[in-house]
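**Student:** Sharing model12.txt, compact mmCIF, C-alpha atoms and all ligand atoms:
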```
# COMPACT_ATOMS: atom_id res chain seq x y z
CA MET H 1 18.74 4.58 16.80
CA LEU H 2 18.62 7.75 18.89
CA ILE H 3 21.15 8.52 21.59
CA ASP H 4 20.23 11.03 24.27
CA SER H 5 23.62 12.43 25.25
CA HIS H 6 22.35 14.13 28.40
CA ALA H 7 19.43 13.25 30.69
CA HIS H 8 18.84 13.20 34.43
CA LEU H 9 16.72 10.09 34.87
CA ASP H 10 17.71 10.02 38.54
CA ASP H 11 15.68 13.22 39.06
CA GLU H 12 12.79 12.97 41.49
CA LYS H 13 10.42 13.96 38.71
CA PHE H 14 10.83 10.37 37.48
CA ASP H 15 10.22 8.74 40.86
CA GLU H 16 6.67 7.75 39.96
CA ASP H 17 7.35 6.01 36.66
CA ARG H 18 11.11 5.72 36.13
CA ASP H 19 11.30 1.98 35.41
CA GLU H 20 8.24 2.01 33.20
CA LEU H 21 9.59 4.94 31.21
CA ILE H 22 13.06 3.44 30.81
CA ASN H 23 11.61 0.11 29.75
CA LEU H 24 9.75 1.85 26.91
CA LEU H 25 12.76 3.75 25.57
CA LYS H 26 13.91 1.07 23.11
CA GLN H 27 10.41 0.87 21.68
CA ASN H 28 10.54 4.63 21.28
CA GLY H 29 13.72 4.40 19.22
CA VAL H 30 16.23 5.31 21.94
CA GLU H 31 19.31 3.10 22.06
CA LEU H 32 21.31 4.74 24.78
CA VAL H 33 21.18 7.49 27.40
CA LEU H 34 24.06 9.25 29.15
CA ASN H 35 23.02 10.29 32.64
CA PRO H 36 25.45 12.77 34.25
CA GLY H 37 25.69 13.50 37.95
CA CYS H 38 25.42 16.96 39.53
CA ASP H 39 26.85 16.15 42.96
CA VAL H 40 27.89 13.07 44.94
CA LYS H 41 24.35 11.84 45.53
CA THR H 42 23.20 12.18 41.93
CA SER H 43 26.48 10.74 40.64
CA GLU H 44 25.89 7.67 42.81
CA ARG H 45 22.31 7.43 41.57
CA SER H 46 23.53 7.67 37.98
CA ILE H 47 25.87 4.77 38.55
CA GLN H 48 23.08 2.74 40.14
CA LEU H 49 20.85 3.37 37.12
CA SER H 50 23.67 2.43 34.76
CA GLU H 51 24.19 -0.82 36.63
CA LYS H 52 20.50 -1.63 36.48
CA TYR H 53 20.03 -0.80 32.78
CA ASP H 54 22.38 -1.75 29.93
CA MET H 55 21.26 1.24 27.88
CA ILE H 56 22.13 3.82 30.56
CA TYR H 57 25.65 5.14 31.01
CA ALA H 58 26.77 7.44 33.80
CA ALA H 59 29.04 10.42 34.33
CA VAL H 60 30.25 11.69 37.70
CA GLY H 61 30.89 15.25 38.74
CA THR H 62 29.74 18.36 40.53
CA HIS H 63 27.61 20.93 38.73
CA PRO H 64 28.60 24.60 39.15
CA GLU H 65 25.43 25.10 41.16
CA ASP H 66 26.93 22.95 43.94
CA ALA H 67 30.52 24.13 43.61
CA ASP H 68 30.44 25.57 47.13
CA LYS H 69 29.88 22.06 48.51
CA MET H 70 32.78 20.56 46.59
CA ASP H 71 36.04 19.48 48.24
CA GLU H 72 39.14 17.32 47.76
CA GLU H 73 37.46 14.30 49.29
CA THR H 74 34.69 14.49 46.71
CA LEU H 75 37.27 14.68 43.96
CA GLU H 76 38.84 11.47 45.29
CA LEU H 77 35.44 9.83 45.39
CA TYR H 78 34.80 10.70 41.72
CA LYS H 79 38.20 9.31 40.87
CA LYS H 80 37.17 6.01 42.42
CA TYR H 81 33.72 6.02 40.79
CA ALA H 82 35.26 6.72 37.39
CA LEU H 83 36.83 3.24 37.47
CA ASN H 84 33.36 1.75 36.97
CA LYS H 85 33.14 0.75 33.32
CA LYS H 86 29.65 2.25 32.94
CA VAL H 87 31.06 5.67 33.86
CA LEU H 88 31.97 7.37 30.59
CA ALA H 89 32.87 10.90 31.61
CA ILE H 90 33.40 13.54 34.27
CA GLY H 91 30.32 15.72 34.38
CA GLU H 92 28.45 17.69 34.42
CA ILE H 93 30.90 20.43 35.29
CA GLY H 94 31.23 24.05 34.26
CA LEU H 95 30.03 27.53 35.13
CA ASP H 96 26.55 28.96 35.60
CA TYR H 97 26.46 32.76 35.84
CA TYR H 98 22.74 32.84 35.16
CA TYR H 99 21.63 31.29 38.44
CA ASP H 100 24.86 32.06 40.31
CA ASN H 101 23.93 29.52 42.98
CA SER H 102 27.56 29.21 44.09
CA PRO H 103 30.10 32.03 44.33
CA ARG H 104 31.84 32.40 40.99
CA GLU H 105 35.34 31.85 42.36
CA TYR H 106 34.25 28.44 43.70
CA GLN H 107 32.63 27.62 40.40
CA ARG H 108 35.86 28.44 38.55
CA LYS H 109 38.07 26.60 41.01
CA TRP H 110 36.10 23.36 40.91
CA PHE H 111 35.48 23.47 37.19
CA ARG H 112 39.24 23.67 36.73
CA GLU H 113 39.95 20.91 39.25
CA GLN H 114 37.45 18.58 37.59
CA VAL H 115 38.92 19.30 34.14
CA LYS H 116 42.27 18.29 35.64
CA LEU H 117 40.66 15.13 36.98
CA ALA H 118 39.37 14.25 33.49
CA LYS H 119 42.88 14.80 32.18
CA GLN H 120 44.42 12.63 34.86
CA LEU H 121 41.91 9.86 34.12
CA ASP H 122 42.11 10.36 30.34
CA MET H 123 38.33 10.68 30.21
CA PRO H 124 35.99 13.00 28.33
CA TYR H 125 34.25 15.74 30.30
CA ILE H 126 30.79 17.25 29.95
CA VAL H 127 30.50 21.00 30.16
CA HIS H 128 27.58 23.05 31.44
CA ASP H 129 27.89 26.69 30.37
CA ARG H 130 25.16 29.18 31.14
CA ASP H 131 25.96 32.85 30.53
CA ALA H 132 29.62 32.17 31.24
CA HIS H 133 30.96 31.54 27.73
CA GLU H 134 34.14 33.54 28.09
CA ASP H 135 35.26 32.09 31.42
CA VAL H 136 34.36 28.54 30.35
CA PHE H 137 36.40 28.96 27.22
CA ASN H 138 39.36 30.49 29.06
CA ILE H 139 39.52 27.74 31.68
CA MET H 140 39.26 25.03 29.03
CA LYS H 141 41.94 26.75 27.00
CA GLU H 142 44.27 27.16 29.98
CA GLU H 143 43.81 23.54 31.00
CA HIS H 144 43.87 22.21 27.46
CA TYR H 145 45.91 19.08 26.82
CA SER H 146 46.45 16.74 23.95
CA GLY H 147 43.67 14.15 24.03
CA ALA H 148 41.18 16.52 25.67
CA ARG H 149 37.64 15.66 24.55
CA GLY H 150 34.05 15.86 25.64
CA ILE H 151 30.74 17.60 25.16
CA LEU H 152 29.48 21.16 25.36
CA HIS H 153 26.07 20.20 26.68
CA CYS H 154 22.94 22.11 25.68
CA TYR H 155 25.16 24.50 23.82
CA SER H 156 24.00 28.12 23.95
CA GLY H 157 27.07 30.02 22.75
CA ASN H 158 27.73 31.41 19.30
CA ILE H 159 29.21 29.80 16.20
CA GLU H 160 32.70 31.27 16.53
CA LEU H 161 33.07 29.84 20.02
CA ALA H 162 31.57 26.51 18.93
CA LYS H 163 34.30 26.26 16.31
CA GLU H 164 36.94 26.87 18.99
CA PHE H 165 35.50 24.11 21.18
CA ILE H 166 35.49 21.76 18.20
CA LYS H 167 39.16 22.55 17.57
CA MET H 168 39.84 21.59 21.18
CA GLY H 169 38.31 18.15 20.56
CA PHE H 170 34.75 18.72 21.75
CA LEU H 171 31.33 17.91 20.36
CA ILE H 172 28.46 20.39 20.45
CA SER H 173 25.25 18.98 21.89
CA LEU H 174 21.92 20.58 21.05
CA GLY H 175 18.74 20.11 23.04
CA GLY H 176 15.15 21.29 23.26
CA PRO H 177 15.93 25.01 22.83
CA VAL H 178 16.84 24.43 19.17
CA THR H 179 13.13 23.74 18.60
CA PHE H 180 12.00 26.99 20.25
CA LYS H 181 10.85 29.65 17.80
CA ASN H 182 12.85 32.42 19.47
CA SER H 183 16.19 30.61 19.77
CA LYS H 184 17.88 32.05 16.72
CA VAL H 185 21.43 31.38 17.91
CA SER H 186 20.82 27.66 18.50
CA LYS H 187 19.20 27.34 15.10
CA LYS H 188 22.15 29.11 13.51
CA VAL H 189 24.57 26.73 15.27
CA ALA H 190 22.49 23.78 14.02
CA PHE H 191 22.65 25.18 10.50
CA GLU H 192 26.35 26.01 10.38
CA ILE H 193 28.10 23.37 12.46
CA PRO H 194 28.65 20.19 10.42
CA LEU H 195 26.77 17.12 11.59
CA GLU H 196 30.11 15.38 12.32
CA HIS H 197 30.48 17.65 15.37
CA LEU H 198 26.94 17.50 16.76
CA LEU H 199 25.15 15.45 19.38
CA ILE H 200 21.52 15.56 20.49
CA GLU H 201 20.14 15.55 24.01
CA THR H 202 17.10 16.26 26.15
CA ASP H 203 18.51 17.42 29.52
CA SER H 204 15.45 15.63 30.90
CA PRO H 205 13.41 16.43 32.92
CA TYR H 206 14.11 20.02 31.83
CA LEU H 207 13.92 21.84 28.50
CA ALA H 208 11.28 19.76 26.73
CA PRO H 209 11.30 20.45 22.98
CA GLU H 210 8.35 21.82 21.06
CA PRO H 211 5.53 20.79 21.02
CA PHE H 212 6.03 19.78 24.67
CA ARG H 213 7.73 22.96 25.90
CA GLY H 214 7.12 23.49 29.62
CA LYS H 215 6.19 19.84 30.27
CA ARG H 216 8.38 17.16 31.80
CA ASN H 217 11.02 16.14 29.31
CA GLN H 218 12.16 12.54 28.77
CA PRO H 219 14.72 10.82 26.50
CA ALA H 220 12.15 9.63 23.93
CA LEU H 221 11.53 13.29 23.06
CA VAL H 222 15.08 13.62 21.73
CA LYS H 223 13.59 12.72 18.36
CA TYR H 224 12.07 16.21 18.14
CA VAL H 225 15.54 17.69 18.46
CA ALA H 226 16.76 15.42 15.65
CA GLU H 227 13.75 16.37 13.50
CA GLU H 228 14.42 20.07 13.97
CA ILE H 229 18.12 19.75 13.10
CA ALA H 230 17.19 17.74 9.98
CA LYS H 231 14.74 20.45 8.98
CA ILE H 232 17.26 23.26 9.58
CA LYS H 233 20.04 21.47 7.71
CA GLY H 234 17.83 20.17 4.93
CA VAL H 235 18.96 16.58 5.46
CA SER H 236 16.98 13.47 6.33
CA TYR H 237 15.94 12.63 9.87
CA ASP H 238 17.79 9.31 9.57
CA GLU H 239 21.01 11.05 8.67
CA VAL H 240 20.84 13.18 11.82
CA VAL H 241 20.03 10.16 13.97
CA ASN H 242 22.78 8.00 12.47
CA LYS H 243 25.51 10.66 12.52
CA THR H 244 24.82 11.81 16.07
CA ASN H 245 24.73 8.16 17.11
CA SER H 246 28.13 7.42 15.59
CA ASN H 247 29.61 10.71 16.90
CA PHE H 248 28.63 9.66 20.40
CA LYS H 249 30.10 6.18 20.04
CA ARG H 250 33.30 7.52 18.54
CA LEU H 251 33.76 9.98 21.42
CA PHE H 252 33.21 7.34 24.09
CA LYS H 253 34.77 4.44 22.19
CA ILE H 254 31.75 2.19 22.52
CA ASN H 255 30.99 -0.46 19.88
NI NI H 301 22.18 18.60 32.90
```
Represent the supplied structure as structure tokens.
**Tutor:**
Amino acid sequence: MLIDSHAHLDDEKFDEDRDELINLLKQNGVELVLNPGCDVKTSERSIQLSEKYDMIYAAVGTHPEDADKMDEETLELYKKYALNKKVLAIGEIGLDYYYDNSPREYQRKWFREQVKLAKQLDMPYIVHDRDAHEDVFNIMKEEHYSGARGILHCYSGNIELAKEFIKMGFLISLGGPVTFKNSKVSKKVAFEIPLEHLLIETDSPYLAPEPFRGKRNQPALVKYVAEEIAKIKGVSYDEVVNKTNSNFKRLFKIN
């Protein structure tokens, strides 16, 4: 069955029909969803969702967009939340130089501190990287440790860098953009990176795959990402679904 490695079901865009939509996911072939937080509030909401639904797992962390609101107290809070057994990772964390919603030095500081937290907790971490490939790589490299692992979410970098992240113990997660006609780099990554190192995701409610581009995304649409990767690689849909499923479970050590 499908695993959506990254969705924000706590987003207000699901307020109208969240329970209904989640209750239909199994029927739509989705086994599991990882719902990362972006700040304290959304991390708490992720945990609440994960406690309400078996199939939902949470991650806790502060997105680069909110790095200027991050502090030591919040770090301590995440440390406490991470003890919850439905919390699988620290995330999403990283750098976003496209929107630049927080000053870059804050983004870098709190990305680094949260990587250190993942290390301290021996947990995977989930990386958001938008137009900041070099700095993301450098911080991860500088803070690298044996046992480091996690996900490069909605990966948008090139193949060479993807190979470096894989060497560091990370999986490359592809989302809706791989289905867009103009996203040559994502398609190339899908073609060249072996299935053993790939995950699939939606980043719901954002980045809906074709043929739903521009509409609200939701975890059931992750199948279009799997279909596109199968097409690009020339393998069966089932192979993509099964491999990405077992990659996810291996990373997070779940059944
Ligand atoms: Ni996200």
**Student:** For ligand NI 301 (chain H), collect every residue having any atom at a distance of at most 9 Å from a ligand atom (counting all atoms listed in the file); output as a list in words.
**Tutor:**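 With all atoms listed in the file and a cut-off of 9 Å, ligand NI 301 (chain H) is contacted by His6, Ala7, His8, Asn35, Pro36, Gly37, Cys38, His63, Gly91, Glu92, His128, His153, Cys154, Thr202, Asp203, Ser204 and Tyr206 of chain H.
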**Student:** In terms of the shortest atom-to-atom distance over only C-alpha atoms, which of H:Glu65, H:Glu73, H:Asp100, H:Asp4 is closest to Glu31 (chain H)?
**Tutor:**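 Closest residue, counting only C-alpha atoms: H:Asp4.
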**Student:** Kindly list the centre and edge lengths in Å, rounded to one decimal, for the axis-aligned box that covers all listed atoms of region 26-33 of chain H plus 3 Å on each of its six sides, as JSON.
**Tutor:**
```
{"center_x": 15.9, "center_y": 4.2, "center_z": 23.3, "size_x": 16.9, "size_y": 12.6, "size_z": 14.2}
```
**Student:** Please provide as a PyMOL selection string all residues within 10 Å of Asn255 (chain H), with the sequence filter that same-chain residues fewer than 5 positions apart are discarded (counting all atoms listed in the file).
**Tutor:** chain H and resi 246+249-250
**Student:** Write out as a VMD selection string which residues come within 12 Å of Tyr78 (chain H) when counting only C-alpha atoms, dropping same-chain ones fewer than 2 positions away.
**Tutor:** chain H and resid 37 to 44 47 58 to 62 70 to 76 80 to 84 87 to 92 113 to 114 117 to 118 120 to 121
**Student:** So what do you get for CA of Asn182 (chain H) versus CA of Asp135 (chain H), distance-wise?
**Tutor:**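 Computing the Euclidean distance for CA of Asn182 (chain H) and CA of Asp135 (chain H) yields 25.4 Å.
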**Student:** Using all atoms listed in the file, find the one residue out of H:Gln218, H:Asn101, H:Ser146, H:Ser156 that sits nearest to Val127 (chain H).
**Tutor:** H:Ser156
**Student:** Hey, can you check how far CA of Lys163 (chain H) sits from CA of Phe137 (chain H)?
**Tutor:**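 CA of Phe137 (chain H) lies at a distance of 11.4 Å from CA of Lys163 (chain H).
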**Student:** So which residues fall inside 12 Å of (5.5, 18.6, 18.5) if we count only C-alpha atoms? Mind giving them as a PyMOL selection string?
**Tutor:** chain H and resi 176+179-180+208-213+215+221-225+227-228
**Student:** What is the CA of Lys86 (chain H)-CA of Ser50 (chain H) distance in Å, reported with one decimal?
**Tutor:**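 A separation of 6.3 Å between them.
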**Student:** Considering only C-alpha atoms, state which residue in the set H:Met140, H:Leu251, H:Ala226, H:Leu174 is at the smallest distance from Glu239 (chain H).
**Tutor:**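 Going through H:Met140, H:Leu251, H:Ala226, H:Leu174 one by one, the smallest distance to Glu239 (chain H) is for H:Ala226.
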**Student:** From the set H:Leu34, H:Ala67, H:Ala220, H:Ile193, which residue has the shortest atom-to-atom contact distance to Ile22 (chain H), counting only C-alpha atoms?
**Tutor:** H:Ala220
**Student:** Which residues, written as a PyMOL selection string, have at least one atom at most 7 Å from Pro64 (chain H), with all atoms listed in the file counted and residues fewer than 2 positions away on the same chain left out?
**Tutor:** chain H and resi 62+66-67+93-96+102+107
**Student:** Export C-alpha atoms of the chosen residues as a PDB file, in the coordinates of the input?
**Tutor:**
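To be explicit, this is the file written out as again38.pdb:
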```
ATOM      1  CA  THR H  62      29.740  18.360  40.530  1.00  0.00           C
ATOM      2  CA  ASP H  66      26.930  22.950  43.940  1.00  0.00           C
ATOM      3  CA  ALA H  67      30.520  24.130  43.610  1.00  0.00           C
ATOM      4  CA  ILE H  93      30.900  20.430  35.290  1.00  0.00           C
ATOM      5  CA  GLY H  94      31.230  24.050  34.260  1.00  0.00           C
ATOM      6  CA  LEU H  95      30.030  27.530  35.130  1.00  0.00           C
ATOM      7  CA  ASP H  96      26.550  28.960  35.600  1.00  0.00           C
ATOM      8  CA  SER H 102      27.560  29.210  44.090  1.00  0.00           C
ATOM      9  CA  GLN H 107      32.630  27.620  40.400  1.00  0.00           C
TER      10      GLN H 107
END
```
**Student:** From the list H:Ser5, H:Pro219, H:Glu12, H:Ile139, which residue is nearest Ile172 (chain H) when using all atoms listed in the file?
**Tutor:**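 Answer, going by the shortest atom-to-atom distance: H:Ser5.
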**Student:** Using only C-alpha atoms, which residues sit within 7 Å of Val241 (chain H) once same-chain residues fewer than 2 positions away are excluded, as a ChimeraX atom specification?
**Tutor:** /H:1-2,226,237-239,243-245
**Student:** Here is a test: counting all atoms listed in the file, which residue of H:Ile229, H:Val235, H:Leu21, H:Ile166 is nearest to Arg149 (chain H)?
**Tutor:** H:Ile166
